[in-house]
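Below is one structure, written out as structure tokens; comments come after it.
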Amino acid sequence: MIDLLFSDGRSVSKYPLRLIYIELEKENKSKLKFGASVSKKYFKRAVDRNYYKRALREAFRLNKHLIQDAMENSYALMLFYQSSDNLPYKEIHQKTIQLFEKFRLKIGDESNE
């Protein structure tokens with residue numbers, strides 16, 4: 001699944017977050033598959049990477065309704081934190097909302113084509 005995301009996936013960005021997504025087959029039971037990643041390139045210590053992964057998962061959990069309501073098909077999503085900046089959770093939460101709004105617009109445009 002992750003290989004497909006990187007090879008065939010599309011992306012949406014809102015600094016410092018990046019969302020890579022791919023549409024799944026119709027017979028897939030779950031409407032949404034999600035993963036979060038923080039690069040070792042930006043945070044050398046595992047404790048720092050784990051903190052930002054927890055923050056990304058929590059922001060996703062609280063805001064997934066924004067994209068689930070707009071989705072007609074199933075998607076696999078991967079959310080990346082792509083900066084060495086130490087942003088507070090509140091800012092990550094706001095950026096996640098903005099990123100999900102961009103994603104909603106993008107999948108809306110793709111379904112209209």
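Following the order of the structure tokens, chains are lettered A, B, ..., residues in each are numbered from 1, and ligands are numbered from 1.
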
Kindly provide the residues of stretch 17-50 of chain A that approach stretch 3-8 of chain A to within 8 Å, each paired with its closest atom pair and their distance in Å to one decimal, based on only C-alpha atoms, listed by chain and increasing number, as CSV.
residue,atom,partner,partner_atom,distance
A:Ile20,CA,A:Leu5,CA,6.6
A:Tyr21,CA,A:Leu5,CA,6.3
A:Ile22,CA,A:Leu5,CA,6.0

For the selection just defined, write its residues with all heavy atoms to a file, as a PDB file, in the first residue's frame.
ATOM      1  N   ILE A  20      -0.203  12.689   1.062  1.00  0.00           N
ATOM      2  CA  ILE A  20      -0.165  11.902  -0.166  1.00  0.00           C
ATOM      3  C   ILE A  20      -1.370  10.972  -0.107  1.00  0.00           C
ATOM      4  O   ILE A  20      -1.638  10.357   0.932  1.00  0.00           O
ATOM      5  CB  ILE A  20       1.140  11.092  -0.281  1.00  0.00           C
ATOM      6  CG1 ILE A  20       2.332  12.037  -0.370  1.00  0.00           C
ATOM      7  CG2 ILE A  20       1.095  10.185  -1.499  1.00  0.00           C
ATOM      8  CD1 ILE A  20       3.663  11.329  -0.457  1.00  0.00           C
ATOM      9  N   TYR A  21      -2.084  10.867  -1.218  1.00  0.00           N
ATOM     10  CA  TYR A  21      -3.296  10.056  -1.220  1.00  0.00           C
ATOM     11  C   TYR A  21      -3.432   9.288  -2.522  1.00  0.00           C
ATOM     12  O   TYR A  21      -2.865   9.649  -3.550  1.00  0.00           O
ATOM     13  CB  TYR A  21      -4.527  10.927  -1.001  1.00  0.00           C
ATOM     14  CG  TYR A  21      -4.792  11.926  -2.104  1.00  0.00           C
ATOM     15  CD1 TYR A  21      -5.677  11.620  -3.129  1.00  0.00           C
ATOM     16  CD2 TYR A  21      -4.155  13.155  -2.128  1.00  0.00           C
ATOM     17  CE1 TYR A  21      -5.919  12.534  -4.150  1.00  0.00           C
ATOM     18  CE2 TYR A  21      -4.386  14.064  -3.132  1.00  0.00           C
ATOM     19  CZ  TYR A  21      -5.277  13.744  -4.137  1.00  0.00           C
ATOM     20  OH  TYR A  21      -5.500  14.643  -5.147  1.00  0.00           O
ATOM     21  N   ILE A  22      -4.182   8.204  -2.430  1.00  0.00           N
ATOM     22  CA  ILE A  22      -4.503   7.397  -3.599  1.00  0.00           C
ATOM     23  C   ILE A  22      -5.898   6.826  -3.383  1.00  0.00           C
ATOM     24  O   ILE A  22      -6.276   6.489  -2.257  1.00  0.00           O
ATOM     25  CB  ILE A  22      -3.455   6.277  -3.827  1.00  0.00           C
ATOM     26  CG1 ILE A  22      -3.673   5.596  -5.167  1.00  0.00           C
ATOM     27  CG2 ILE A  22      -3.465   5.280  -2.717  1.00  0.00           C
ATOM     28  CD1 ILE A  22      -2.524   4.714  -5.591  1.00  0.00           C
TER      29      ILE A  22
END

Check: Where in chain A does DSSP assign strand (DSSP E or B), given as a ChimeraX atom specification?
Finding: /A:10-14,17-23,32-38,75-81

Item checked: Close residues, stretch 29-43 of chain A itself excluded, 6 Å, only C-alpha atoms, min 4 positions apart in chain, as a ChimeraX atom specification -> /A:49,53,74-81,84

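Using only C-alpha atoms, the residues found no farther than 7 Å from stretch 92-105 of chain A, other than those of its own chain fewer than 4 positions away, are Val12, Ser13, Lys14, Ala59, Asn63, Leu66, Ile67, Ala70, Leu87, Pro88 and Asp109 of chain A.
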
Saved selection, atoms kept: N, CA and C atoms, as an mmCIF file, in the first residue's frame:
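selection_10.cif, freshly written:
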data_model
loop_
_atom_site.group_PDB
_atom_site.id
_atom_site.type_symbol
_atom_site.label_atom_id
_atom_site.label_comp_id
_atom_site.auth_asym_id
_atom_site.auth_seq_id
_atom_site.Cartn_x
_atom_site.Cartn_y
_atom_site.Cartn_z
ATOM 1 N N VAL A 12 -0.987 16.906 -1.642
ATOM 2 C CA VAL A 12 -1.434 18.246 -1.294
ATOM 3 C C VAL A 12 -0.537 18.696 -0.150
ATOM 4 N N SER A 13 -0.112 19.949 -0.168
ATOM 5 C CA SER A 13 0.784 20.435 0.886
ATOM 6 C C SER A 13 0.253 21.711 1.523
ATOM 7 N N LYS A 14 0.540 21.836 2.784
ATOM 8 C CA LYS A 14 0.323 23.060 3.552
ATOM 9 C C LYS A 14 1.448 23.068 4.579
ATOM 10 N N ALA A 59 -4.443 15.164 15.457
ATOM 11 C CA ALA A 59 -5.048 16.176 14.584
ATOM 12 C C ALA A 59 -5.912 15.500 13.525
ATOM 13 N N ASN A 63 -10.132 15.786 13.121
ATOM 14 C CA ASN A 63 -10.597 16.504 11.927
ATOM 15 C C ASN A 63 -10.936 15.614 10.740
ATOM 16 N N LEU A 66 -13.919 16.207 8.388
ATOM 17 C CA LEU A 66 -13.868 17.208 7.321
ATOM 18 C C LEU A 66 -13.692 16.567 5.948
ATOM 19 N N ILE A 67 -12.930 15.485 5.900
ATOM 20 C CA ILE A 67 -12.718 14.841 4.603
ATOM 21 C C ILE A 67 -13.659 13.659 4.386
ATOM 22 N N ALA A 70 -16.882 14.615 2.608
ATOM 23 C CA ALA A 70 -16.755 14.994 1.199
ATOM 24 C C ALA A 70 -16.372 13.822 0.300
ATOM 25 N N LEU A 87 6.935 23.152 15.805
ATOM 26 C CA LEU A 87 5.654 23.847 15.934
ATOM 27 C C LEU A 87 4.869 23.300 17.112
ATOM 28 N N PRO A 88 4.129 24.154 17.806
ATOM 29 C CA PRO A 88 3.263 23.672 18.883
ATOM 30 C C PRO A 88 2.067 22.917 18.300
ATOM 31 N N ASP A 109 -12.544 18.524 -7.321
ATOM 32 C CA ASP A 109 -12.190 18.869 -8.703
ATOM 33 C C ASP A 109 -11.936 17.621 -9.532
#

Checklist line | Backbone-only DSSP, helix (DSSP H, G or I) members of chain A, as a VMD selection string | finding: chain A and resid 2 to 8 46 to 68 89 to 112

Restricting the output to N, CA and C atoms, write the selected residues as a short mmCIF file (atom, residue, chain, number, x, y, z; two decimals), in the first residue's frame.
data_model
loop_
_atom_site.label_atom_id
_atom_site.label_comp_id
_atom_site.auth_asym_id
_atom_site.auth_seq_id
_atom_site.Cartn_x
_atom_site.Cartn_y
_atom_site.Cartn_z
N ILE A 2 1.90 1.26 0.82
CA ILE A 2 2.77 2.43 0.90
C ILE A 2 3.53 2.63 -0.40
N ASP A 3 3.94 1.52 -1.02
CA ASP A 3 4.61 1.62 -2.33
C ASP A 3 3.71 2.30 -3.35
N LEU A 4 2.43 1.92 -3.35
CA LEU A 4 1.47 2.54 -4.27
C LEU A 4 1.33 4.03 -4.01
N LEU A 5 1.30 4.41 -2.75
CA LEU A 5 1.19 5.83 -2.41
C LEU A 5 2.35 6.62 -3.00
N PHE A 6 3.55 6.09 -2.88
CA PHE A 6 4.71 6.81 -3.38
C PHE A 6 4.85 6.77 -4.89
N SER A 7 4.42 5.68 -5.52
CA SER A 7 4.57 5.57 -6.96
C SER A 7 3.42 6.24 -7.73
N ASP A 8 2.18 6.03 -7.27
CA ASP A 8 1.01 6.52 -8.02
C ASP A 8 0.23 7.60 -7.30
N ALA A 46 14.34 9.75 18.40
CA ALA A 46 13.07 9.04 18.25
C ALA A 46 11.96 9.67 19.09
N VAL A 47 12.31 10.19 20.24
CA VAL A 47 11.29 10.78 21.11
C VAL A 47 10.64 12.00 20.43
N ASP A 48 11.43 12.75 19.68
CA ASP A 48 10.89 13.90 18.95
C ASP A 48 10.00 13.45 17.78
N ARG A 49 10.46 12.44 17.03
CA ARG A 49 9.66 11.92 15.93
C ARG A 49 8.34 11.35 16.45
N ASN A 50 8.39 10.63 17.54
CA ASN A 50 7.18 10.05 18.11
C ASN A 50 6.20 11.12 18.58
N TYR A 51 6.71 12.20 19.15
CA TYR A 51 5.84 13.30 19.57
C TYR A 51 5.06 13.86 18.37
N TYR A 52 5.76 14.12 17.27
CA TYR A 52 5.09 14.70 16.11
C TYR A 52 4.16 13.70 15.42
N LYS A 53 4.50 12.43 15.46
CA LYS A 53 3.58 11.43 14.91
C LYS A 53 2.30 11.37 15.74
N ARG A 54 2.43 11.45 17.07
CA ARG A 54 1.24 11.47 17.93
C ARG A 54 0.41 12.72 17.66
N ALA A 55 1.08 13.85 17.48
CA ALA A 55 0.37 15.10 17.19
C ALA A 55 -0.37 15.00 15.85
N LEU A 56 0.26 14.41 14.84
CA LEU A 56 -0.40 14.25 13.54
C LEU A 56 -1.59 13.32 13.63
N ARG A 57 -1.43 12.21 14.35
CA ARG A 57 -2.55 11.26 14.49
C ARG A 57 -3.71 11.89 15.24
N GLU A 58 -3.43 12.66 16.27
CA GLU A 58 -4.49 13.31 17.03
C GLU A 58 -5.19 14.37 16.20
N ALA A 59 -4.44 15.16 15.46
CA ALA A 59 -5.05 16.18 14.58
C ALA A 59 -5.91 15.50 13.53
N PHE A 60 -5.46 14.37 13.00
CA PHE A 60 -6.25 13.62 12.03
C PHE A 60 -7.54 13.11 12.68
N ARG A 61 -7.41 12.52 13.85
CA ARG A 61 -8.58 11.95 14.54
C ARG A 61 -9.65 13.01 14.79
N LEU A 62 -9.23 14.19 15.19
CA LEU A 62 -10.18 15.25 15.51
C LEU A 62 -10.80 15.89 14.27
N ASN A 63 -10.13 15.79 13.12
CA ASN A 63 -10.60 16.50 11.93
C ASN A 63 -10.94 15.61 10.74
N LYS A 64 -10.91 14.30 10.92
CA LYS A 64 -11.17 13.43 9.78
C LYS A 64 -12.58 13.58 9.23
N HIS A 65 -13.49 14.06 10.05
CA HIS A 65 -14.86 14.28 9.58
C HIS A 65 -14.89 15.30 8.44
N LEU A 66 -13.92 16.21 8.39
CA LEU A 66 -13.87 17.21 7.32
C LEU A 66 -13.69 16.57 5.95
N ILE A 67 -12.93 15.48 5.90
CA ILE A 67 -12.72 14.84 4.60
C ILE A 67 -13.66 13.66 4.39
N GLN A 68 -14.07 12.99 5.45
CA GLN A 68 -14.98 11.85 5.28
C GLN A 68 -16.32 12.29 4.71
N TYR A 89 1.44 22.08 19.12
CA TYR A 89 0.32 21.27 18.65
C TYR A 89 -0.80 22.12 18.07
N LYS A 90 -1.08 23.25 18.68
CA LYS A 90 -2.17 24.11 18.21
C LYS A 90 -1.97 24.52 16.75
N GLU A 91 -0.74 24.84 16.39
CA GLU A 91 -0.44 25.23 15.02
C GLU A 91 -0.53 24.04 14.07
N ILE A 92 -0.08 22.87 14.52
CA ILE A 92 -0.20 21.65 13.71
C ILE A 92 -1.68 21.36 13.45
N HIS A 93 -2.49 21.53 14.47
CA HIS A 93 -3.93 21.31 14.34
C HIS A 93 -4.54 22.24 13.29
N GLN A 94 -4.19 23.52 13.35
CA GLN A 94 -4.70 24.49 12.37
C GLN A 94 -4.22 24.18 10.97
N LYS A 95 -2.97 23.80 10.81
CA LYS A 95 -2.43 23.45 9.50
C LYS A 95 -3.11 22.20 8.94
N THR A 96 -3.44 21.26 9.82
CA THR A 96 -4.14 20.05 9.39
C THR A 96 -5.52 20.39 8.84
N ILE A 97 -6.23 21.28 9.50
CA ILE A 97 -7.54 21.71 9.01
C ILE A 97 -7.40 22.36 7.65
N GLN A 98 -6.43 23.23 7.48
CA GLN A 98 -6.21 23.90 6.19
C GLN A 98 -5.83 22.88 5.11
N LEU A 99 -5.01 21.91 5.47
CA LEU A 99 -4.61 20.88 4.52
C LEU A 99 -5.80 20.03 4.10
N PHE A 100 -6.67 19.67 5.04
CA PHE A 100 -7.85 18.88 4.71
C PHE A 100 -8.82 19.65 3.82
N GLU A 101 -8.90 20.97 4.02
CA GLU A 101 -9.74 21.79 3.14
C GLU A 101 -9.19 21.77 1.72
N LYS A 102 -7.87 21.87 1.57
CA LYS A 102 -7.25 21.78 0.25
C LYS A 102 -7.52 20.42 -0.39
N PHE A 103 -7.42 19.37 0.43
CA PHE A 103 -7.67 18.01 -0.06
C PHE A 103 -9.11 17.86 -0.53
N ARG A 104 -10.06 18.39 0.23
CA ARG A 104 -11.47 18.32 -0.16
C ARG A 104 -11.69 18.99 -1.51
N LEU A 105 -11.09 20.16 -1.70
CA LEU A 105 -11.23 20.87 -2.97
C LEU A 105 -10.62 20.08 -4.11
N LYS A 106 -9.47 19.47 -3.85
CA LYS A 106 -8.78 18.73 -4.90
C LYS A 106 -9.55 17.48 -5.32
N ILE A 107 -10.07 16.71 -4.35
CA ILE A 107 -10.82 15.52 -4.74
C ILE A 107 -12.16 15.89 -5.35
N GLY A 108 -12.70 17.05 -4.95
CA GLY A 108 -13.92 17.54 -5.58
C GLY A 108 -13.69 17.89 -7.04
N ASP A 109 -12.54 18.52 -7.32
CA ASP A 109 -12.19 18.87 -8.70
C ASP A 109 -11.94 17.62 -9.53
N GLU A 110 -11.28 16.62 -8.93
CA GLU A 110 -10.98 15.39 -9.66
C GLU A 110 -12.23 14.59 -9.98
N SER A 111 -13.21 14.60 -9.08
CA SER A 111 -14.44 13.85 -9.33
C SER A 111 -15.32 14.56 -10.37
N ASN A 112 -15.15 15.86 -10.55
CA ASN A 112 -15.93 16.60 -11.54
C ASN A 112 -15.38 16.46 -12.96
#
